[in-house]
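*Asks:* Could you have a look at this structure, given as structure tokens, before my questions?
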2 protein chains.
Amino acid sequence: MTTALHTTAATQACCAPLVAAPLDPQDAEALARTLKALADPTRLRLLSLVAAHEGGEACVCDLTDPVGLSQPTVSHHLKVLVDAGLLTRDKRGVWAYYALVPGALDAVAAVLGTQLRR
Amino acid sequence: MTTALHTTAATQACCAPLVAAPLDPQDAEALARTLKALADPTRLRLLSLVAAHEGGEACVCDLTDPVGLSQPTVSHHLKVLVDAGLLTRDKRGVWAYYALVPGALDAVAAVLGTQLRR
């Protein structure tokens, strides 16, 4: 079962560049929450590893070795990324499989970049 | 005098998308440092206000009212953004003027987004 996607900061703050007009406080809060989830080197590497994995999805069992951390620690970081709307989690049998939420990273990039991109 | 621009995470981690290939630990550390500087609602609003200000630069005196914070607090947040290589600081007379470092936000956006952009 794929967990329901919440309306997340990544989509709430989408997609006018923050340099185009002053961000309102609510959009700034939402974007800061998403950036906090991203602002960790292990979580950045996990996103990158999931995206690069065969089929664009990976289970915890694929990720512990590359980042050199225990399964509970990796699971914690993955949960932060799921809660931030950046990864989906799909439980199949023994393992949960993680994949990028389509468009979520692009939405953050679109707000940070100085040019409108769609 | 414009402060020297350090080689920062924003430029170090530039510009292959993190989804294209697994991020190495050093690039992940550098990018996480830049994202930590960005992951604060006040700092996001300050970047946005500076960019939208006349001439693309602003002094603390222009920024305290819009964010509703004291000058020392705003100065602290601006220093974090300067240290992260996202803003320049140019002292002229009584005030220091802040402007976006050209390309710095676009470099972060390019790493986070899923498409190569130049």
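Residue numbering restarts at 1 for every chain of the structure tokens, chains are lettered A, B, ... in their displayed order, and ligands are numbered from 1 as they appear.
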Skip range 110-113 of chain A itself and residues of its chain fewer than 5 positions away, then list as a list in words all residues within 6 Å of it, counting only C-alpha atoms.
*Replies:* Cys15, Ala16, Pro17 and Leu18 of chain A; Leu105, Asp106 and Ala109 of chain B
*Asks:* Would you list which chain B residues are within 10 Å of chain A using only C-alpha atoms, as a ChimeraX atom specification?
*Replies:* /B:17-53,56,66-67,100,102-115
*Asks:* If you run DSSP on the backbone, which residues of chain B are helix (DSSP H, G or I), as a ChimeraX atom specification?
*Replies:* /B:9-12,25-38,41-52,54-56,60-67,71-83,104-112
*Asks:* Taking the backbone alone, and naming residues the way the document does, which bits of chain B are strand (DSSP E or B) by DSSP, as a list of chain:residue names?
*Replies:*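 Selecting the strand (DSSP E or B) positions of chain B gives B:Thr2, B:Glu57, B:Ala58, B:Cys59, B:Leu87, B:Thr88, B:Arg89, B:Asp90, B:Lys91, B:Arg92, B:Trp95, B:Ala96, B:Tyr97, B:Tyr98, B:Ala99, B:Leu100.
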*Asks:* What's the 12 Å shell around His76 in chain B, counting only C-alpha atoms, without same-chain residues fewer than 2 positions away, as a PyMOL selection string?
*Replies:* chain B and resi 37+42-43+46+60+64+69-74+78-83
*Asks:* By how many Å are CA of Tyr97 in chain A and CA of Ala84 in chain A apart?
*Replies:*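 These two atoms are separated by 16.5 Å.
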*Asks:* In Å, how far is it from CA of Tyr98 in chain A to CA of Leu63 in chain A?
*Replies:*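 Atom-to-atom, CA of Tyr98 in chain A and CA of Leu63 in chain A are spaced 10.3 Å apart.
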*Asks:* I'd like the contact shell of Val101 in chain A - 7 Å cut-off, only C-alpha atoms, skipping same-chain residues fewer than 3 positions apart - returned as a PyMOL selection string.
*Replies:* chain A and resi 85-88+104
*Asks:* Since we have the selection now, will you write its residues out, keeping C-alpha atoms, as a CSV table (one decimal), in the first residue's frame?
*Replies:*
chain,number,residue,atom,x,y,z
A,85,GLY,CA,6.5,14.7,0.8
A,86,LEU,CA,9.8,14.0,-0.9
A,87,LEU,CA,9.6,10.1,-1.0
A,88,THR,CA,6.7,7.6,-1.3
A,104,ALA,CA,8.6,17.3,-5.5
